[in-house]
Structure formats: structure tokens, C-alpha cells
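This is protein.txt (compact mmCIF, C-alpha atoms and all ligand atoms).
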```
# COMPACT_ATOMS: atom_id res chain seq x y z
CA MET A 195 95.99 303.86 -20.11
CA ASP A 196 92.31 304.60 -19.37
CA GLU A 197 91.05 306.34 -16.22
CA LYS A 198 90.21 303.05 -14.47
CA GLN A 199 93.70 301.60 -15.11
CA LYS A 200 95.27 304.87 -13.92
CA ASN A 201 93.24 304.79 -10.69
CA GLN A 202 94.30 301.20 -10.11
CA LYS A 203 97.95 302.07 -10.70
CA ASP A 204 97.74 304.89 -8.17
CA LYS A 205 96.34 302.65 -5.42
CA PRO A 206 98.71 301.74 -2.54
CA LYS A 207 100.65 298.54 -3.12
CA LEU A 208 100.46 295.78 -0.53
CA GLY A 209 103.07 293.14 0.20
CA MET A 210 102.37 289.64 1.53
CA LYS A 211 102.65 290.78 5.15
CA ASP A 212 100.46 293.86 4.81
CA HIS A 213 96.88 293.92 6.04
CA PHE A 214 93.67 295.09 4.40
CA ARG A 215 90.15 295.55 5.70
CA PHE A 216 87.48 293.34 4.16
CA ASP A 217 84.77 290.86 4.99
CA CYS A 218 82.06 289.34 2.82
CA HIS A 219 78.98 287.55 4.20
CA PRO A 220 75.20 287.55 3.63
CA GLY A 221 74.82 290.43 6.10
CA VAL A 222 76.75 292.86 3.88
CA ALA A 223 74.25 294.97 1.91
CA CYS A 224 75.95 294.36 -1.44
CA PHE A 225 76.27 290.56 -0.97
CA THR A 226 76.54 288.83 -4.43
CA LYS A 227 76.23 292.15 -6.30
CA CYS A 228 79.85 291.79 -7.41
CA CYS A 229 78.83 288.59 -9.25
CA SER A 230 77.13 290.53 -12.04
CA ASP A 231 78.15 292.59 -15.03
CA ILE A 232 81.83 291.72 -14.76
CA ASN A 233 84.47 290.27 -17.06
CA ILE A 234 85.88 287.11 -15.54
CA PHE A 235 88.78 285.76 -17.57
CA LEU A 236 89.30 282.05 -17.08
CA GLY A 237 92.60 280.20 -17.14
CA PRO A 238 92.81 276.50 -18.09
CA TYR A 239 92.82 275.44 -14.42
CA ASP A 240 89.65 277.48 -13.75
CA VAL A 241 87.89 275.61 -16.57
CA LEU A 242 89.18 272.26 -15.29
CA ARG A 243 87.83 272.89 -11.78
CA LEU A 244 84.49 274.28 -12.92
CA LYS A 245 83.66 271.58 -15.49
CA ASN A 246 84.48 268.88 -12.92
CA ARG A 247 82.43 270.66 -10.30
CA LEU A 248 79.45 270.74 -12.67
CA GLY A 249 80.08 267.15 -13.82
CA ILE A 250 80.10 268.08 -17.50
CA SER A 251 82.69 267.75 -20.26
CA SER A 252 85.09 270.57 -21.06
CA SER A 253 83.43 271.00 -24.50
CA GLU A 254 80.02 271.39 -22.88
CA PHE A 255 81.37 273.80 -20.28
CA LEU A 256 83.09 275.96 -22.92
CA ASP A 257 79.94 276.01 -25.12
CA LYS A 258 77.49 276.71 -22.34
CA HIS A 259 79.36 278.98 -19.97
CA THR A 260 82.08 280.83 -21.87
CA TYR A 261 82.86 282.81 -24.96
CA LEU A 262 86.22 283.38 -26.64
CA LEU A 263 87.75 286.76 -27.23
CA SER A 264 90.39 286.65 -29.89
CA THR A 265 91.99 289.46 -31.81
CA GLN A 266 93.53 288.83 -35.21
CA ASN A 267 97.10 288.95 -33.96
CA GLN A 268 96.51 286.78 -30.89
CA ILE A 269 97.26 283.08 -31.04
CA ILE A 270 95.89 282.21 -27.59
CA PRO A 271 92.29 283.39 -27.18
CA VAL A 272 90.97 284.79 -23.94
CA VAL A 273 88.22 282.64 -22.39
CA VAL A 274 85.55 284.68 -20.65
CA LEU A 275 82.82 283.46 -18.27
CA LYS A 276 79.35 284.21 -19.70
CA MET A 277 76.89 286.30 -17.71
CA SER A 278 73.11 286.06 -18.13
CA ASP A 279 71.66 287.66 -21.27
CA ASP A 280 69.15 289.83 -19.40
CA GLU A 281 69.82 293.35 -18.16
CA ASN A 282 71.21 292.13 -14.80
CA LYS A 283 74.05 290.24 -16.47
CA MET A 284 74.37 287.87 -13.52
CA CYS A 285 76.90 285.08 -13.29
CA HIS A 286 75.19 281.73 -13.99
CA PHE A 287 76.46 280.38 -10.67
CA VAL A 288 75.22 283.01 -8.26
CA THR A 289 72.22 282.38 -5.98
CA ASP A 290 70.72 284.40 -3.12
CA GLU A 291 72.82 282.29 -0.75
CA GLY A 292 76.05 283.04 -2.59
CA CYS A 293 78.24 281.26 -5.09
CA GLN A 294 76.94 277.82 -6.07
CA VAL A 295 80.44 276.66 -7.12
CA TYR A 296 82.27 278.34 -4.23
CA GLU A 297 84.89 275.59 -3.62
CA ASP A 298 85.77 275.65 -7.33
CA ARG A 299 85.25 279.34 -8.11
CA PRO A 300 87.72 280.86 -10.56
CA TRP A 301 90.95 282.68 -9.70
CA PRO A 302 89.57 286.24 -10.06
CA CYS A 303 86.67 285.44 -7.67
CA ARG A 304 89.12 284.02 -5.13
CA MET A 305 91.41 286.99 -5.36
CA TYR A 306 88.64 289.62 -5.05
CA PRO A 307 88.81 292.28 -3.60
CA LEU A 308 92.54 292.18 -4.34
CA ASP A 309 94.37 292.40 -7.61
CA MET A 310 97.93 291.21 -8.19
CA ASP A 311 100.39 292.95 -10.50
CA GLU A 312 103.34 291.47 -12.39
CA ASP A 313 105.71 292.16 -9.47
CA GLU A 314 103.45 290.12 -7.19
CA LYS A 315 102.36 293.22 -5.34
CA PHE A 316 98.70 293.57 -4.42
CA SER A 317 96.20 296.38 -4.41
CA VAL A 318 92.56 296.62 -3.44
CA LEU A 319 90.68 296.34 -6.72
CA ALA A 320 87.17 296.78 -5.35
CA ASP A 321 85.52 300.18 -5.19
CA PRO A 322 84.62 301.18 -1.58
CA GLU A 323 81.54 303.00 -2.88
CA THR A 324 79.98 299.78 -4.15
CA CYS A 325 81.79 297.09 -2.12
CA PHE A 326 80.64 297.56 1.48
CA GLY A 327 82.76 294.60 2.53
CA LEU A 328 85.68 297.06 2.55
CA GLN A 329 83.99 298.94 5.40
CA GLU A 330 83.71 295.87 7.63
CA ASN A 331 86.00 295.71 10.66
CA LYS A 332 87.85 292.52 9.84
CA GLU A 333 91.55 292.98 9.01
CA THR A 334 93.38 290.25 7.10
CA GLN A 335 97.01 289.81 6.14
CA VAL A 336 97.49 289.36 2.39
CA ILE A 337 99.33 286.03 2.79
CA GLU A 338 96.57 284.68 5.05
CA TRP A 339 93.97 285.77 2.52
CA LEU A 340 95.74 283.94 -0.32
CA GLU A 341 96.02 280.76 1.74
CA ASP A 342 92.44 280.96 2.95
CA GLN A 343 91.16 281.43 -0.60
CA GLY A 344 93.18 278.46 -1.93
CA ILE A 345 94.97 280.66 -4.45
CA MET A 346 98.25 278.71 -4.49
CA ASP A 347 97.10 275.75 -6.64
CA TYR A 348 95.56 278.18 -9.10
CA GLN A 349 98.65 280.36 -9.13
CA ARG A 350 100.97 277.41 -9.84
CA ALA A 351 98.79 276.31 -12.77
CA TYR A 352 98.51 279.88 -14.03
CA ASN A 353 102.29 280.42 -13.88
CA TYR A 354 102.91 277.26 -15.91
CA PHE A 355 100.34 278.32 -18.53
CA ASN A 356 101.79 281.82 -18.57
CA GLU A 357 105.18 280.44 -19.61
CA ILE A 358 103.42 279.75 -22.93
CA ALA A 359 101.18 282.81 -23.08
CA SER A 360 104.09 285.19 -22.49
CA HIS A 361 106.77 283.18 -24.33
CA PRO A 362 108.93 285.44 -26.54
CA LYS A 363 108.42 283.09 -29.51
CA ILE A 364 104.62 283.32 -29.31
CA LYS A 365 104.75 286.74 -30.96
CA GLU A 366 106.52 285.25 -33.99
CA MET A 367 103.92 282.52 -34.54
CA ASP A 368 101.75 282.34 -37.63
CA VAL A 369 98.57 283.67 -36.08
CA THR A 370 96.49 282.69 -39.12
CA ASN A 371 97.28 279.01 -38.62
CA GLN A 372 93.97 277.59 -37.38
CA GLN A 373 95.51 274.18 -36.70
CA ILE A 374 97.94 275.69 -34.17
CA LYS A 375 95.15 277.70 -32.54
CA SER A 376 92.91 274.63 -32.26
CA MET A 377 95.77 272.58 -30.83
CA ILE A 378 96.43 275.20 -28.14
CA ILE A 379 92.76 275.48 -27.15
CA MET A 380 92.39 271.71 -26.99
CA ALA A 381 95.47 271.10 -24.83
CA THR A 382 94.72 273.96 -22.45
CA TYR A 383 90.98 274.53 -22.15
CA ASN A 384 89.32 271.49 -23.73
CA LEU A 385 90.97 268.74 -21.70
CA ASP A 386 88.37 266.01 -22.32
CA LYS A 387 88.88 266.47 -26.05
CA PHE A 388 92.65 266.44 -25.53
CA ARG A 389 92.33 263.15 -23.63
CA GLU A 390 90.37 261.64 -26.54
CA PHE A 391 93.09 262.84 -28.86
CA VAL A 392 95.92 261.38 -26.75
CA PHE A 393 94.24 258.00 -26.37
CA GLY A 394 92.47 257.83 -29.72
CA SER A 395 95.25 258.77 -32.13
CA SER A 396 98.84 257.66 -32.80
CA PHE A 397 100.01 260.10 -30.10
CA LEU A 398 101.16 257.41 -27.66
CA ASP A 399 103.08 255.61 -30.42
CA ILE A 400 105.27 258.69 -30.80
CA PHE A 401 106.12 259.82 -27.28
CA ASP A 402 108.21 257.93 -24.77
CA LEU A 403 106.05 257.83 -21.62
CA GLU A 404 106.05 255.53 -18.60
CA ALA A 405 103.08 253.13 -18.41
CA ASP A 406 102.10 254.48 -14.95
CA PHE A 407 102.12 258.01 -16.24
CA ILE A 408 99.90 257.04 -19.20
CA GLU A 409 97.36 255.55 -16.78
CA GLN A 410 97.50 258.73 -14.70
CA LEU A 411 96.69 260.80 -17.78
CA ARG A 412 93.49 258.76 -18.20
CA VAL A 413 92.08 259.89 -14.87
CA ASP A 414 93.96 262.92 -13.57
CA ASP A 415 92.94 266.21 -15.22
CA THR A 416 95.58 268.30 -13.45
CA GLU A 417 98.33 265.98 -14.71
CA LEU A 418 96.76 265.99 -18.18
CA LEU A 419 96.75 269.78 -18.22
CA ARG A 420 100.41 269.94 -17.27
CA PHE A 421 101.17 267.35 -19.93
CA GLY A 422 99.20 269.35 -22.52
CA LEU A 423 101.21 272.46 -21.69
CA ASP A 424 104.44 270.45 -22.01
CA TRP A 425 103.25 269.21 -25.40
CA ILE A 426 102.64 272.79 -26.55
CA LYS A 427 106.08 273.85 -25.32
CA PHE A 428 107.62 270.91 -27.16
CA GLY A 429 105.67 271.40 -30.39
CA LEU A 430 105.67 275.18 -30.61
CA PHE A 431 108.93 276.21 -29.03
CA GLY A 432 111.08 273.12 -29.48
CA GLU A 433 111.63 272.77 -25.70
CA LYS A 434 112.75 269.38 -24.41
CA THR A 435 109.64 268.85 -22.30
CA LEU A 436 108.77 265.50 -23.94
CA LYS A 437 110.82 262.65 -25.36
CA ILE A 438 110.12 260.98 -28.69
CA LYS A 439 110.58 257.20 -28.85
CA PRO A 440 114.02 256.26 -30.27
CA GLU A 441 112.49 254.14 -33.06
CA VAL A 442 110.29 257.08 -34.15
CA LEU A 443 113.31 259.40 -34.14
CA GLU A 444 115.25 256.96 -36.25
CA ALA A 445 112.43 256.60 -38.77
CA ARG A 446 112.11 260.39 -38.90
CA SER A 447 115.78 261.00 -39.44
CA LYS A 448 115.61 258.61 -42.42
CA GLN A 449 112.75 260.73 -43.77
CA GLY A 450 114.65 263.95 -43.02
CA LEU A 451 112.14 265.19 -40.38
CA GLY A 452 113.17 267.01 -37.17
CA ALA A 453 112.08 265.93 -33.66
CA GLY A 454 109.40 268.58 -33.24
CA GLN A 455 107.86 268.28 -36.70
CA ASP A 456 104.55 266.57 -37.26
CA ILE A 457 104.14 265.99 -33.54
CA SER A 458 100.63 264.56 -33.77
S1 LIG B 501 81.80 282.08 -10.03
FE1 LIG B 501 80.83 282.39 -8.03
S2 LIG B 501 82.04 284.02 -7.05
FE2 LIG B 501 82.53 284.06 -9.25
S3 LIG B 501 81.14 285.57 -10.14
FE3 LIG B 501 80.14 283.56 -10.32
S4 LIG B 501 78.87 283.36 -8.50
FE4 LIG B 501 80.31 285.02 -8.12
```
Please lay out the structure from this file as C-alpha cells.
Amino acid sequence: MDEKQKNQKDKPKLGMKDHFRFDCHPGVACFTKCCSDINIFLGPYDVLRLKNRLGISSSEFLDKHTYLLSTQNQIIPVVVLKMSDDENKMCHFVTDEGCQVYEDRPWPCRMYPLDMDEDEKFSVLADPETCFGLQENKETQVIEWLEDQGIMDYQRAYNYFNEIASHPKIKEMDVTNQQIKSMIIMATYNLDKFREFVFGSSFLDIFDLEADFIEQLRVDDTELLRFGLDWIKFGLFGEKTLKIKPEVLEARSKQGLGAGQDIS
């Protein structure tokens, strides 16, 4: 544990009903300074909201605005928001007036100045020496803050994704298998590509899906993301999150293939 992590661990823990002091507005001397030289890790739902906000495809968003961090023994890469290449390392979306994508800003920007630990306890992440918003007079209850920042939708999506990221079987996966890695990135972060795959391959001939639901997948990114995560759970962990068509199952059993094999 480095010094910064230790300091964070030692900070007082806040529950949902506790209050903290913070306000952020253009009158605070450090306004928008926290939008530079930071690591912002993006979840799949962050990417979905941002690429739709910008009106670009998920591939374009990932190429232009993110980079992947992946260690050799990690099957799910970490997607990081790019900062500018100059010495200021500013977020691409910050302006003098504030965040240009405010309504669709990522989870960490919504949560700031708080951090949440695994036990769903909160602590003030920001440093009072650089974040003058912590010296403002406004007091807010943690639960009110989360509601006001629209965290709940993000948290639900994150929890569902995390069932994969922290799945006990993920550690046993063949981390050198590029096909599995590509499949995971496509169905989580690159939703427009995943949609092309679902509608442009034999995918829909294999899985038993209601016609209404198929039409929803054409237009609803949030539903498509949830479906992609279910597909990963089905394909990687053998969970019963999707159903294969009976005729496909029958043909497979004649060939001696299991339900989760060759899922594409
Ligand atoms: S997305 Fe918005 S709030 Fe987050 S760092 Fe960039 S400008 Fe700041």
C-alpha cells in the first residue's frame, strides 16, 4: 500500500446519512482544475453515455478519447479517459465554463469529491489543500449527493459489469486468448461493433430471443449492454443467462458439442 492509499484508508468513513462539506461552482478558485492530470477509469456505461452524448460510434470514441491499460495476466483491460498531450494534461471535455459533457460525465466525475469502498462506505477523496470546494459552507448528506449526481443508473450498470470483472472463474481464464479478450471488449465497451456482430452474423439464429426484444436491441444501447454482459456470462462462465434455440441444441448434441461451446 503506497502513502496515498494509506492516507485514503485512514480518512473517516461516511455512511449514506452522514454529511460532508462541499460545493463546486465557477466562483471557487480551483474551478475545473480537478479536470486535469487525473486517471479517470471508464466503465462500459460511461463509454455508452459519452459516445452517445458526442454523437459518435463507440469505436471512434474508444480510438479518440481513451487508451487501454492491460497487464499480461488481466483478461479485462482497464479503459482510461485520455487527457491532452501538452503539459497541462487537461480532459478533452473541460472548458472555462465547466464540463462540456456534464449530463453524461463519467462515474468518477459524478462521485467526486467522494470515493466509495467495497463496503459501500464513503470517504472524501479530494485534498483540501487543492480542492477549495471543501472549504465552502454547503453541507450535503451523502445519499442526497448520490441522487443529485445521478449515480444510481451508473452504479447499477457498474455492479452488473463487476459480476464479470470480479467473477471467481475470471482468474482461471486463458489470458493469452486474444479472441476472448476481443469478445469481452466488444460486448462491453464497443457496443456499436457488438450490434453489428449481433445483427450481421449467425448470432440470432442461435439464441432464442423474443422478436420485441430483438427490435429493442437495435435501438437501445443500455439494453444491448446488459445483453452483452449476459452473453459473456453465458459464454465464459456457463451461466444460464441466455437460451439456445431447441433446434440448435439438438443439432449440437448430434455433433457432440455442449450448449456454451462455439457461441458465436
Ligand atoms: S468529463 Fe467533465 S467532469 Fe470529468 S474530468 Fe472531463 S471535464 Fe471534468
Practice problem: Pick out the residues no farther than 8 Å from ligand LIG 501 (chain B), counting only C-alpha atoms and all ligand atoms, and list them as a PyMOL selection string. | Solution: chain A and resi 226+228-230+232+234+284-289+292-296+299-300+302-304
Practice problem: Take the point (109.1, 274.4, -21.1) as written in the file and pick out every residue within 12 Å of it, counting all atoms listed in the file; give the list as number ranges by chain. | Solution: A: 353-361, 420-436
Quiz item: Can you list, as a list in words, every protein, DNA or RNA residue that comes within 7 Å of stretch 316-327 of chain A when you count all atoms listed in the file, leaving out same-chain residues fewer than 2 positions away?
Solution: Gln202, Lys205, Pro206, Lys207, Leu208, Gly209, Phe216, Asp217, Cys218, Val222, Ala223, Cys224, Pro307, Leu308, Asp309, Met310, Asp311, Glu314, Gln329 and Glu330 of chain A
Quiz item: stretch 369-374 of chain A: which residues within 6 Å, counting all atoms listed in the file, same-chain residues fewer than 3 positions away excluded, as a ChimeraX atom specification?
Solution: /A:267,269,377
Practice problem: Would you mind reading off the distance between atom CA of A:Val273 and atom CA of A:Phe235, one decimal, in Å? | Solution: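 Spanning atom CA of A:Val273 to atom CA of A:Phe235 is a straight-line distance of 5.8 Å.
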Quiz item: With only C-alpha atoms as the basis for distance, which of A:Tyr261, A:Tyr306, A:Tyr348, A:Phe391 is at the shortest distance from A:Tyr239?
Solution: A:Tyr348
Quiz item: Quick one: distance from atom CA of A:Ser376 to atom CA of A:Lys448 in Å, one decimal?
Solution: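 Value for the atom CA of A:Ser376-atom CA of A:Lys448 distance: 29.6 Å.
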Practice problem: Write out as a VMD selection string the residues lying within 12 Å of A:Thr416, counting all atoms listed in the file and excluding same-chain residues fewer than 6 positions away. | Solution: chain A and resid 238 to 243 246 347 to 348 350 to 352 354 381 to 383 385 to 386 389 410 422 to 423
Self-check item: Straight-line distance linking atom CA of A:Thr334 with atom CA of A:Glu312, stated in Å to one decimal
Solution: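 Interatomic distance, atom CA of A:Thr334 to atom CA of A:Glu312: 21.9 Å.
Distances here use all atoms listed in the file; by that measure, the residue among A:Leu248, A:Met305, A:Ile364, A:Ile379 closest to A:Ile337 is A:Met305.
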